[in-house]
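Okay, coords.pdb now, which holds PDB, C-alpha atoms:
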MODEL        1
ATOM      1  CA  MET R  27     -18.471   4.836   1.682
ATOM      2  CA  PHE R  28     -15.758   7.419   0.860
ATOM      3  CA  SER R  29     -13.991   9.095  -2.053
ATOM      4  CA  PRO R  30     -10.497   7.686  -2.478
ATOM      5  CA  GLN R  31      -7.720  10.258  -2.807
ATOM      6  CA  PRO R  32      -4.031   9.574  -3.416
ATOM      7  CA  ILE R  33      -1.747  10.364  -0.487
ATOM      8  CA  GLY R  34       1.229   9.987  -2.841
ATOM      9  CA  HIS R  35       2.631   7.893  -5.662
ATOM     10  CA  ILE R  36       5.069   5.028  -6.074
ATOM     11  CA  LYS R  37       8.349   5.315  -7.949
ATOM     12  CA  SER R  38       9.037   1.821  -9.179
ATOM     13  CA  PRO R  39      11.346   0.244 -11.771
ATOM     14  CA  TYR R  40       8.297  -1.331 -13.444
ATOM     15  CA  GLN R  41       6.740   0.474 -16.398
ATOM     16  CA  GLN R  42       4.732  -2.488 -17.640
ATOM     17  CA  THR R  43       2.824  -5.266 -15.892
ATOM     18  CA  LYS R  44       4.820  -7.979 -17.652
ATOM     19  CA  GLN R  45       8.031  -6.751 -15.966
ATOM     20  CA  ILE R  46       6.687  -7.547 -12.487
ATOM     21  CA  PRO R  47       7.705 -10.976 -11.119
ATOM     22  CA  LYS R  48       4.544 -13.010 -10.570
ATOM     23  CA  GLY R  49       3.372 -16.247  -9.056
ATOM     24  CA  PRO R  50       4.203 -18.307  -5.994
ATOM     25  CA  GLY R  51       7.988 -18.341  -6.386
ATOM     26  CA  ALA R  52       8.329 -14.664  -7.331
ATOM     27  CA  LYS R  53      10.987 -12.683  -5.466
ATOM     28  CA  HIS R  54       9.986  -9.143  -4.682
ATOM     29  CA  ASP R  55      13.205  -7.404  -3.809
ATOM     30  CA  ALA R  56      12.930  -4.462  -6.186
ATOM     31  CA  GLU R  57      13.590  -1.111  -4.572
ATOM     32  CA  GLY R  58      11.340   1.875  -5.000
ATOM     33  CA  VAL R  59      10.206   5.083  -3.383
ATOM     34  CA  LEU R  60       6.897   6.014  -1.783
ATOM     35  CA  GLU R  61       6.582   9.729  -2.552
ATOM     36  CA  ILE R  62       4.048  11.256  -0.205
ATOM     37  CA  LEU R  63       2.269  14.506  -1.092
ATOM     38  CA  PRO R  64       3.565  17.436   0.990
ATOM     39  CA  GLN R  65       0.158  18.053   2.588
ATOM     40  CA  PHE R  66       0.317  14.590   4.190
ATOM     41  CA  ALA R  67       3.951  14.811   5.367
ATOM     42  CA  ALA R  68       3.046  15.173   9.069
ATOM     43  CA  GLY R  69       1.353  11.759   8.870
ATOM     44  CA  LEU R  70       4.811  10.177   8.413
ATOM     45  CA  THR R  71       6.022  11.242  11.879
ATOM     46  CA  ASP R  72       7.840   8.323  13.588
ATOM     47  CA  ILE R  73       7.373   5.982  10.644
ATOM     48  CA  GLU R  74      11.139   5.371  10.450
ATOM     49  CA  GLY R  75      10.905   3.241  13.602
ATOM     50  CA  PHE R  76       9.172   0.452  11.693
ATOM     51  CA  SER R  77      11.053  -2.071   9.594
ATOM     52  CA  HIS R  78       8.071  -3.109   7.486
ATOM     53  CA  LEU R  79       5.009  -1.291   6.206
ATOM     54  CA  PHE R  80       1.697  -2.208   4.640
ATOM     55  CA  VAL R  81       1.099  -0.161   1.500
ATOM     56  CA  LEU R  82      -2.469   0.073   0.183
ATOM     57  CA  TRP R  83      -2.613   1.269  -3.401
ATOM     58  CA  VAL R  84      -4.864   1.452  -6.445
ATOM     59  CA  PHE R  85      -4.672  -0.808  -9.502
ATOM     60  CA  ASP R  86      -5.161   2.332 -11.596
ATOM     61  CA  ARG R  87      -4.398   0.626 -14.913
ATOM     62  CA  SER R  88      -6.758  -2.300 -14.401
ATOM     63  CA  GLU R  89     -10.343  -2.248 -15.692
ATOM     64  CA  GLY R  90     -13.394  -4.074 -14.434
ATOM     65  CA  PHE R  91     -13.332  -7.240 -12.377
ATOM     66  CA  GLU R  92     -13.576 -10.976 -12.798
ATOM     67  CA  LEU R  93     -14.895 -13.163  -9.965
ATOM     68  CA  LEU R  94     -13.139 -16.289 -11.259
ATOM     69  CA  GLY R  95      -9.740 -16.157 -12.907
ATOM     70  CA  THR R  96      -6.708 -18.295 -13.585
ATOM     71  CA  PRO R  97      -3.629 -16.830 -11.870
ATOM     72  CA  PRO R  98      -0.152 -16.888 -13.431
ATOM     73  CA  LEU R  99       1.584 -20.214 -12.849
ATOM     74  CA  ASP R 100      -1.584 -22.169 -12.197
ATOM     75  CA  ASP R 101      -3.777 -23.854 -14.778
ATOM     76  CA  ARG R 102      -7.113 -23.703 -13.003
ATOM     77  CA  PRO R 103      -9.403 -20.835 -12.003
ATOM     78  CA  HIS R 104      -9.835 -19.555  -8.446
ATOM     79  CA  GLY R 105     -12.105 -16.977  -6.852
ATOM     80  CA  VAL R 106     -10.784 -13.423  -6.987
ATOM     81  CA  PHE R 107     -10.799 -13.226  -3.161
ATOM     82  CA  ALA R 108      -8.482 -16.260  -3.056
ATOM     83  CA  THR R 109      -5.986 -14.555  -5.412
ATOM     84  CA  ARG R 110      -4.127 -11.279  -5.749
ATOM     85  CA  SER R 111      -5.578 -10.543  -9.193
ATOM     86  CA  PRO R 112      -5.773  -6.832 -10.109
ATOM     87  CA  ARG R 113      -9.295  -7.308 -11.525
ATOM     88  CA  ARG R 114     -11.150  -6.969  -8.206
ATOM     89  CA  PRO R 115     -14.532  -5.384  -7.332
ATOM     90  CA  ASN R 116     -12.549  -2.737  -5.417
ATOM     91  CA  PRO R 117      -9.200  -2.456  -7.241
ATOM     92  CA  VAL R 118      -7.021  -2.049  -4.160
ATOM     93  CA  GLY R 119      -3.598  -3.656  -3.939
ATOM     94  CA  LEU R 120      -1.727  -4.505  -0.748
ATOM     95  CA  THR R 121       2.030  -4.920  -0.490
ATOM     96  CA  ILE R 122       4.303  -5.414   2.499
ATOM     97  CA  VAL R 123       7.532  -3.488   1.958
ATOM     98  CA  GLU R 124      10.707  -3.122   3.962
ATOM     99  CA  LEU R 125      11.455   0.472   4.927
ATOM    100  CA  LEU R 126      15.108   1.184   4.097
ATOM    101  CA  SER R 127      15.270   4.891   4.871
ATOM    102  CA  ARG R 128      13.270   8.088   4.965
ATOM    103  CA  ASP R 129      14.224  11.301   3.234
ATOM    104  CA  GLY R 130      11.509  13.833   4.103
ATOM    105  CA  ILE R 131       8.409  12.895   2.121
ATOM    106  CA  ARG R 132      10.250  10.047   0.376
ATOM    107  CA  LEU R 133      10.251   6.555   1.849
ATOM    108  CA  HIS R 134      12.871   4.311   0.261
ATOM    109  CA  VAL R 135      11.575   0.759   0.371
ATOM    110  CA  ARG R 136      12.358  -2.751  -0.799
ATOM    111  CA  GLY R 137       9.780  -5.144  -2.145
ATOM    112  CA  VAL R 138       7.728  -3.057  -4.571
ATOM    113  CA  ASP R 139       5.527  -4.945  -7.014
ATOM    114  CA  MET R 140       3.538  -1.978  -8.309
ATOM    115  CA  LEU R 141       3.798  -0.100 -11.589
ATOM    116  CA  ASP R 142       5.642   3.217 -11.654
ATOM    117  CA  GLY R 143       3.279   6.072 -10.789
ATOM    118  CA  THR R 144       0.767   3.936  -8.889
ATOM    119  CA  PRO R 145      -1.380   6.025  -6.494
ATOM    120  CA  ILE R 146      -0.960   5.230  -2.796
ATOM    121  CA  LEU R 147      -4.106   5.092  -0.635
ATOM    122  CA  ASP R 148      -2.643   4.380   2.774
ATOM    123  CA  ILE R 149       0.418   3.277   4.716
ATOM    124  CA  LYS R 150       0.187   1.331   7.973
ATOM    125  CA  PRO R 151       2.825  -0.145  10.250
ATOM    126  CA  TYR R 152       3.259  -3.883   9.851
ATOM    127  CA  LEU R 153       3.131  -5.259  13.352
ATOM    128  CA  SER R 154       2.493  -8.943  13.539
ATOM    129  CA  SER R 155       3.106 -12.143  11.719
ATOM    130  CA  ILE R 156       1.486 -15.530  11.684
ATOM    131  CA  SER R 157       3.960 -18.296  12.383
ATOM    132  CA  ALA R 158       4.817 -20.559   9.468
ATOM    133  CA  GLU R 159       3.440 -23.606  11.288
ATOM    134  CA  LYS R 160      -0.012 -22.028  11.599
ATOM    135  CA  LEU R 161      -0.230 -20.839   7.997
ATOM    136  CA  ARG R 162      -2.016 -22.762   5.227
ATOM    137  CA  ARG R 163      -1.643 -21.469   1.701
ATOM    138  CA  GLY R 164      -4.533 -23.215  -0.112
ATOM    139  CA  TRP R 165      -4.408 -23.623  -3.881
ATOM    140  CA  LEU R 166      -1.016 -21.908  -3.995
ATOM    141  CA  ALA R 167       0.672 -24.724  -2.097
ATOM    142  CA  GLU R 168      -1.052 -27.224  -4.385
ATOM    143  CA  ALA R 169      -0.038 -25.360  -7.563
ATOM    144  CA  GLU R 170       3.559 -25.228  -6.300
ATOM    145  CA  ALA R 171       3.524 -28.958  -5.584
ATOM    146  CA  ARG R 172       2.240 -29.699  -9.109
ATOM    147  CA  ARG R 173       4.918 -27.489 -10.681
ATOM    148  CA  ASN R 174       7.692 -29.151  -8.709
ATOM    149  CA  LYS R 175       6.700 -32.678  -9.769
TER     150      LYS R 175
ATOM    151  CA  MET O  25      -9.313   6.430  -8.732
ATOM    152  CA  PHE O  26     -12.424   4.268  -8.214
ATOM    153  CA  SER O  27     -15.796   4.236  -6.451
ATOM    154  CA  PRO O  28     -15.678   1.947  -3.424
ATOM    155  CA  GLN O  29     -18.549  -0.551  -3.151
ATOM    156  CA  PRO O  30     -19.149  -3.012  -0.327
ATOM    157  CA  ILE O  31     -18.642  -6.672  -1.242
ATOM    158  CA  GLY O  32     -20.316  -7.628   2.051
ATOM    159  CA  HIS O  33     -20.542  -6.739   5.717
ATOM    160  CA  ILE O  34     -19.026  -7.918   8.985
ATOM    161  CA  LYS O  35     -21.039  -9.511  11.774
ATOM    162  CA  SER O  36     -19.081  -8.712  14.908
ATOM    163  CA  PRO O  37     -19.783  -8.771  18.652
ATOM    164  CA  TYR O  38     -18.797  -5.088  18.838
ATOM    165  CA  GLN O  39     -21.560  -2.475  18.686
ATOM    166  CA  GLN O  40     -19.429   0.376  20.004
ATOM    167  CA  THR O  41     -15.826   1.410  19.489
ATOM    168  CA  LYS O  42     -15.065   1.308  23.210
ATOM    169  CA  GLN O  43     -15.818  -2.443  23.304
ATOM    170  CA  ILE O  44     -12.942  -3.218  20.945
ATOM    171  CA  PRO O  45      -9.665  -4.194  22.646
ATOM    172  CA  LYS O  46      -7.025  -1.607  21.702
ATOM    173  CA  GLY O  47      -3.346  -0.957  22.012
ATOM    174  CA  PRO O  48      -0.167  -3.003  21.849
ATOM    175  CA  GLY O  49      -1.198  -5.787  24.205
ATOM    176  CA  ALA O  50      -4.735  -6.187  22.857
ATOM    177  CA  LYS O  51      -5.858  -9.744  22.114
ATOM    178  CA  HIS O  52      -8.019 -10.036  19.035
ATOM    179  CA  ASP O  53      -9.625 -13.428  19.325
ATOM    180  CA  ALA O  54     -13.252 -12.383  18.908
ATOM    181  CA  GLU O  55     -15.167 -14.457  16.403
ATOM    182  CA  GLY O  56     -17.294 -12.956  13.667
ATOM    183  CA  VAL O  57     -18.697 -13.575  10.227
ATOM    184  CA  LEU O  58     -17.800 -12.023   6.891
ATOM    185  CA  GLU O  59     -21.127 -12.013   5.027
ATOM    186  CA  ILE O  60     -20.474 -11.613   1.335
ATOM    187  CA  LEU O  61     -23.166 -10.275  -1.003
ATOM    188  CA  PRO O  62     -24.624 -13.052  -3.197
ATOM    189  CA  GLN O  63     -23.479 -11.370  -6.416
ATOM    190  CA  PHE O  64     -19.835 -11.763  -5.305
ATOM    191  CA  ALA O  65     -20.153 -15.382  -4.080
ATOM    192  CA  ALA O  66     -18.176 -16.840  -7.002
ATOM    193  CA  GLY O  67     -15.190 -14.765  -5.865
ATOM    194  CA  LEU O  68     -14.937 -16.973  -2.762
ATOM    195  CA  THR O  69     -14.129 -20.120  -4.761
ATOM    196  CA  ASP O  70     -11.250 -22.027  -3.085
ATOM    197  CA  ILE O  71     -10.919 -19.535  -0.243
ATOM    198  CA  GLU O  72     -11.380 -22.317   2.331
ATOM    199  CA  GLY O  73      -7.861 -23.553   1.553
ATOM    200  CA  PHE O  74      -6.322 -20.564   3.315
ATOM    201  CA  SER O  75      -5.902 -20.392   7.075
ATOM    202  CA  HIS O  76      -5.604 -16.606   7.264
ATOM    203  CA  LEU O  77      -7.085 -13.762   5.251
ATOM    204  CA  PHE O  78      -6.497 -10.052   4.857
ATOM    205  CA  VAL O  79      -9.756  -8.149   5.218
ATOM    206  CA  LEU O  80      -9.903  -4.585   3.871
ATOM    207  CA  TRP O  81     -12.835  -2.651   5.232
ATOM    208  CA  VAL O  82     -14.180   0.872   5.683
ATOM    209  CA  PHE O  83     -14.139   2.903   8.898
ATOM    210  CA  ASP O  84     -17.716   3.919   8.075
ATOM    211  CA  ARG O  85     -18.392   5.519  11.463
ATOM    212  CA  SER O  86     -15.245   7.658  11.500
ATOM    213  CA  GLU O  87     -15.217  11.237  10.234
ATOM    214  CA  GLY O  88     -12.381  13.299   8.823
ATOM    215  CA  PHE O  89      -8.711  12.635   9.451
ATOM    216  CA  GLU O  90      -5.918  13.743  11.720
ATOM    217  CA  LEU O  91      -2.294  13.585  10.543
ATOM    218  CA  LEU O  92      -0.912  13.496  14.102
ATOM    219  CA  GLY O  93      -2.694  11.706  16.904
ATOM    220  CA  THR O  94      -2.050  10.047  20.241
ATOM    221  CA  PRO O  95      -2.949   6.363  20.097
ATOM    222  CA  PRO O  96      -4.549   4.487  23.009
ATOM    223  CA  LEU O  97      -1.948   3.373  25.540
ATOM    224  CA  ASP O  98       0.677   5.878  24.509
ATOM    225  CA  ASP O  99       1.076   9.415  25.787
ATOM    226  CA  ARG O 100       2.690  11.033  22.777
ATOM    227  CA  PRO O 101       1.478  11.768  19.264
ATOM    228  CA  HIS O 102       2.530   9.829  16.163
ATOM    229  CA  GLY O 103       1.884  10.255  12.436
ATOM    230  CA  VAL O 104      -1.321   8.632  11.236
ATOM    231  CA  PHE O 105       0.672   6.411   8.833
ATOM    232  CA  ALA O 106       2.632   5.057  11.809
ATOM    233  CA  THR O 107      -0.587   4.106  13.625
ATOM    234  CA  ARG O 108      -3.801   2.216  12.987
ATOM    235  CA  SER O 109      -5.996   5.222  13.805
ATOM    236  CA  PRO O 110      -9.433   5.210  12.114
ATOM    237  CA  ARG O 111      -9.076   8.921  11.252
ATOM    238  CA  ARG O 112      -7.080   8.442   8.033
ATOM    239  CA  PRO O 113      -7.100  10.348   4.705
ATOM    240  CA  ASN O 114      -8.581   7.186   3.171
ATOM    241  CA  PRO O 115     -10.554   5.511   5.976
ATOM    242  CA  VAL O 116      -9.634   1.929   5.123
ATOM    243  CA  GLY O 117      -8.972  -0.643   7.838
ATOM    244  CA  LEU O 118      -6.930  -3.806   7.470
ATOM    245  CA  THR O 119      -7.284  -6.877   9.661
ATOM    246  CA  ILE O 120      -5.720 -10.319   9.436
ATOM    247  CA  VAL O 121      -8.277 -12.939  10.471
ATOM    248  CA  GLU O 122      -8.136 -16.695  10.853
ATOM    249  CA  LEU O 123     -10.638 -18.492   8.627
ATOM    250  CA  LEU O 124     -12.476 -21.059  10.767
ATOM    251  CA  SER O 125     -15.046 -22.308   8.264
ATOM    252  CA  ARG O 126     -17.090 -21.349   5.245
ATOM    253  CA  ASP O 127     -20.827 -21.715   4.967
ATOM    254  CA  GLY O 128     -21.766 -20.511   1.465
ATOM    255  CA  ILE O 129     -21.447 -16.737   1.444
ATOM    256  CA  ARG O 130     -20.557 -16.680   5.159
ATOM    257  CA  LEU O 131     -16.948 -16.877   6.299
ATOM    258  CA  HIS O 132     -16.631 -17.650  10.000
ATOM    259  CA  VAL O 133     -13.443 -16.040  11.251
ATOM    260  CA  ARG O 134     -11.479 -15.342  14.415
ATOM    261  CA  GLY O 135      -9.745 -12.072  15.126
ATOM    262  CA  VAL O 136     -12.314  -9.421  14.226
ATOM    263  CA  ASP O 137     -11.704  -5.907  15.530
ATOM    264  CA  MET O 138     -14.357  -4.134  13.477
ATOM    265  CA  LEU O 139     -17.763  -2.795  14.504
ATOM    266  CA  ASP O 140     -20.843  -4.834  13.671
ATOM    267  CA  GLY O 141     -22.116  -3.965  10.187
ATOM    268  CA  THR O 142     -18.779  -2.665   8.874
ATOM    269  CA  PRO O 143     -18.625  -2.715   5.055
ATOM    270  CA  ILE O 144     -16.006  -5.031   3.528
ATOM    271  CA  LEU O 145     -13.994  -3.734   0.563
ATOM    272  CA  ASP O 146     -11.840  -6.723  -0.252
ATOM    273  CA  ILE O 147     -10.550 -10.084   0.942
ATOM    274  CA  LYS O 148      -7.124 -11.413  -0.008
ATOM    275  CA  PRO O 149      -5.249 -14.554   0.958
ATOM    276  CA  TYR O 150      -2.581 -13.998   3.596
ATOM    277  CA  LEU O 151       0.504 -15.650   2.204
ATOM    278  CA  SER O 152       3.669 -14.601   3.883
ATOM    279  CA  SER O 153       5.070 -13.439   7.131
ATOM    280  CA  ILE O 154       8.116 -11.506   8.193
ATOM    281  CA  SER O 155      10.169 -13.377  10.741
ATOM    282  CA  ALA O 156      10.150 -11.979  14.260
ATOM    283  CA  GLU O 157      13.903 -11.363  14.142
ATOM    284  CA  LYS O 158      13.577  -9.063  11.129
ATOM    285  CA  LEU O 159      10.680  -7.047  12.474
ATOM    286  CA  ARG O 160      11.050  -3.667  14.210
ATOM    287  CA  ARG O 161       7.951  -2.162  15.797
ATOM    288  CA  GLY O 162       8.967   1.476  16.259
ATOM    289  CA  TRP O 163       7.148   3.610  18.810
ATOM    290  CA  LEU O 164       4.968   0.665  19.789
ATOM    291  CA  ALA O 165       7.900  -1.256  21.218
ATOM    292  CA  GLU O 166       9.000   1.895  23.061
ATOM    293  CA  ALA O 167       5.503   2.542  24.437
ATOM    294  CA  GLU O 168       5.314  -1.065  25.629
ATOM    295  CA  ALA O 169       8.694  -0.751  27.320
ATOM    296  CA  ARG O 170       7.562   2.420  29.124
ATOM    297  CA  ARG O 171       4.331   0.775  30.280
ATOM    298  CA  ASN O 172       6.149  -2.271  31.610
ATOM    299  CA  LYS O 173       8.550  -0.238  33.711
TER     300      LYS O 173
ENDMDL
END

Since I need it in another form, could you write the structure as structure tokens?
Amino acid sequence: MFSPQPIGHIKSPYQQTKQIPKGPGAKHDAEGVLEILPQFAAGLTDIEGFSHLFVLWVFDRSEGFELLGTPPLDDRPHGVFATRSPRRPNPVGLTIVELLSRDGIRLHVRGVDMLDGTPILDIKPYLSSISAEKLRRGWLAEAEARRNK
Amino acid sequence: MFSPQPIGHIKSPYQQTKQIPKGPGAKHDAEGVLEILPQFAAGLTDIEGFSHLFVLWVFDRSEGFELLGTPPLDDRPHGVFATRSPRRPNPVGLTIVELLSRDGIRLHVRGVDMLDGTPILDIKPYLSSISAEKLRRGWLAEAEARRNK
């Protein structure tokens, strides 16, 4: 395997988990900054050409994992790999953000759902999308339907 | 940080890197199997309701990293965070696959671009997509335009 190292940290408006919008209907339009460590700055070359980025990060304030858990806004348990729970065997989070601008080692982005100070593992360009007609959203679609009854 | 552990391994038709289709126009419709370790089986509960999954995995046959590199099918270097190069500070790969069927701890999927035996770090449901009109693809779009001239 490998030894994870932060390539930078996230500046986010969220200091506590309970401040982060959660669940199917949650809007993630909070702005934040991906602050990359100076030694990795060259890795950002040409990143400003992309409108959206994958950010891989560490749930550094989560402990242990739970294979079955009940997500916010549902009332029944689901497998951890069918949810975005922070309590995962490998506590890695994944967020798609919109890149607003770059200022040296600082990437200003929209769509953060991480806590302030969260370590960043990786950034990748977001390239493709699955069309809405081809996408099935499993228990989430069902939980939404129950809530809207 | 954390100590990465495999939650399973990928069965793929690719034994060598050069067999994997690469570059902007590459089609990833190879089928494969995500074989999850029995101790994590409960984490798969309800996963069959999703049509597409994010798979996080380890570039276990890649060594070191390179902040600037020239991707296949382009002739100029780009920052590692603007590419999907395997030589990353944290060697984690990300692939969106289509879930075809589940057979216990085996997920049959389409769209693998990993080597056979690659360790899996995490699986997450793929929930959203960015519309084509809102997406900019940076140097990739430019490289495609140059190749099509």

Near chain O, 7 Å: chain R residue rows, closest pairs, only C-alpha atoms, as CSV:
residue,atom,partner,partner_atom,distance
R:Met27,CA,O:Pro28,CA,6.5
R:Phe28,CA,O:Pro28,CA,6.9
R:Ser29,CA,O:Ser27,CA,6.8
R:Pro30,CA,O:Asn114,CA,6.0
R:Gln31,CA,O:Asn114,CA,6.8
R:Phe66,CA,O:Leu91,CA,6.9
R:Ala68,CA,O:Leu91,CA,5.8
R:Gly69,CA,O:Gly103,CA,3.9
R:Leu70,CA,O:Gly103,CA,5.0
R:Thr71,CA,O:Gly103,CA,4.3
R:Asp72,CA,O:His102,CA,6.1
R:Ile73,CA,O:Ala106,CA,5.0
R:Gly75,CA,O:Gly162,CA,3.7
R:Phe76,CA,O:Gly162,CA,4.7
R:Ser77,CA,O:Arg160,CA,4.9
R:His78,CA,O:Leu159,CA,6.9
R:Asp86,CA,O:Met25,CA,6.5
R:Leu93,CA,O:Gly67,CA,4.4
R:Leu94,CA,O:Gly67,CA,6.0
R:His104,CA,O:Thr69,CA,5.7
R:Gly105,CA,O:Gly67,CA,3.9
R:Val106,CA,O:Gly67,CA,4.7
R:Phe107,CA,O:Lys148,CA,5.2
R:Ala108,CA,O:Ile71,CA,5.0
R:Thr109,CA,O:Lys148,CA,6.4
R:Arg110,CA,O:Lys148,CA,6.5
R:Asn116,CA,O:Pro28,CA,6.0
R:Leu147,CA,O:Asn114,CA,6.2
R:Asp148,CA,O:Asn114,CA,6.6
R:Ile149,CA,O:Phe105,CA,5.2
R:Lys150,CA,O:Phe105,CA,5.2
R:Pro151,CA,O:Ala106,CA,5.4
R:Leu153,CA,O:Arg161,CA,6.2
R:Ser155,CA,O:Ser153,CA,5.2
R:Ile156,CA,O:Ser153,CA,6.2
R:Leu161,CA,O:Ser75,CA,5.8
R:Arg162,CA,O:Ser75,CA,4.9
R:Arg163,CA,O:Phe74,CA,5.0
R:Gly164,CA,O:Gly73,CA,3.7
R:Trp165,CA,O:Gly73,CA,6.4

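Between O:Ser36 and the candidates O:Ala167, O:Val133, O:Asn172, O:Trp81, the tightest atom-to-atom separation, counting only C-alpha atoms, involves O:Val133.
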
request  = Excluding stretch 52-63 of chain R and residues on its chain fewer than 5 positions from it, collect all residues at most 6 Å away from it, counting all atoms listed in the file, and give them as an MDAnalysis selection string.
outcome  = chainID R and resid 33:38 47 131:138

Box along x, y and z, 3 Å on every side, all listed atoms of stretch 76-86 of chain R inside: centre and edge lengths in Å to one decimal, as JSON.
{"center_x": 2.9, "center_y": -0.4, "center_z": 0.0, "size_x": 22.2, "size_y": 11.4, "size_z": 29.3}

request  = Work out how far atom CA of O:Val121 is from atom CA of R:Arg113, in Å to one decimal.
outcome  =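 Interatomic distance here is 22.7 Å.
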
request  = Take atom CA of O:Gly88 and atom CA of O:Lys42 and report the distance between them in Å, one decimal.
outcome  = 18.9 Å
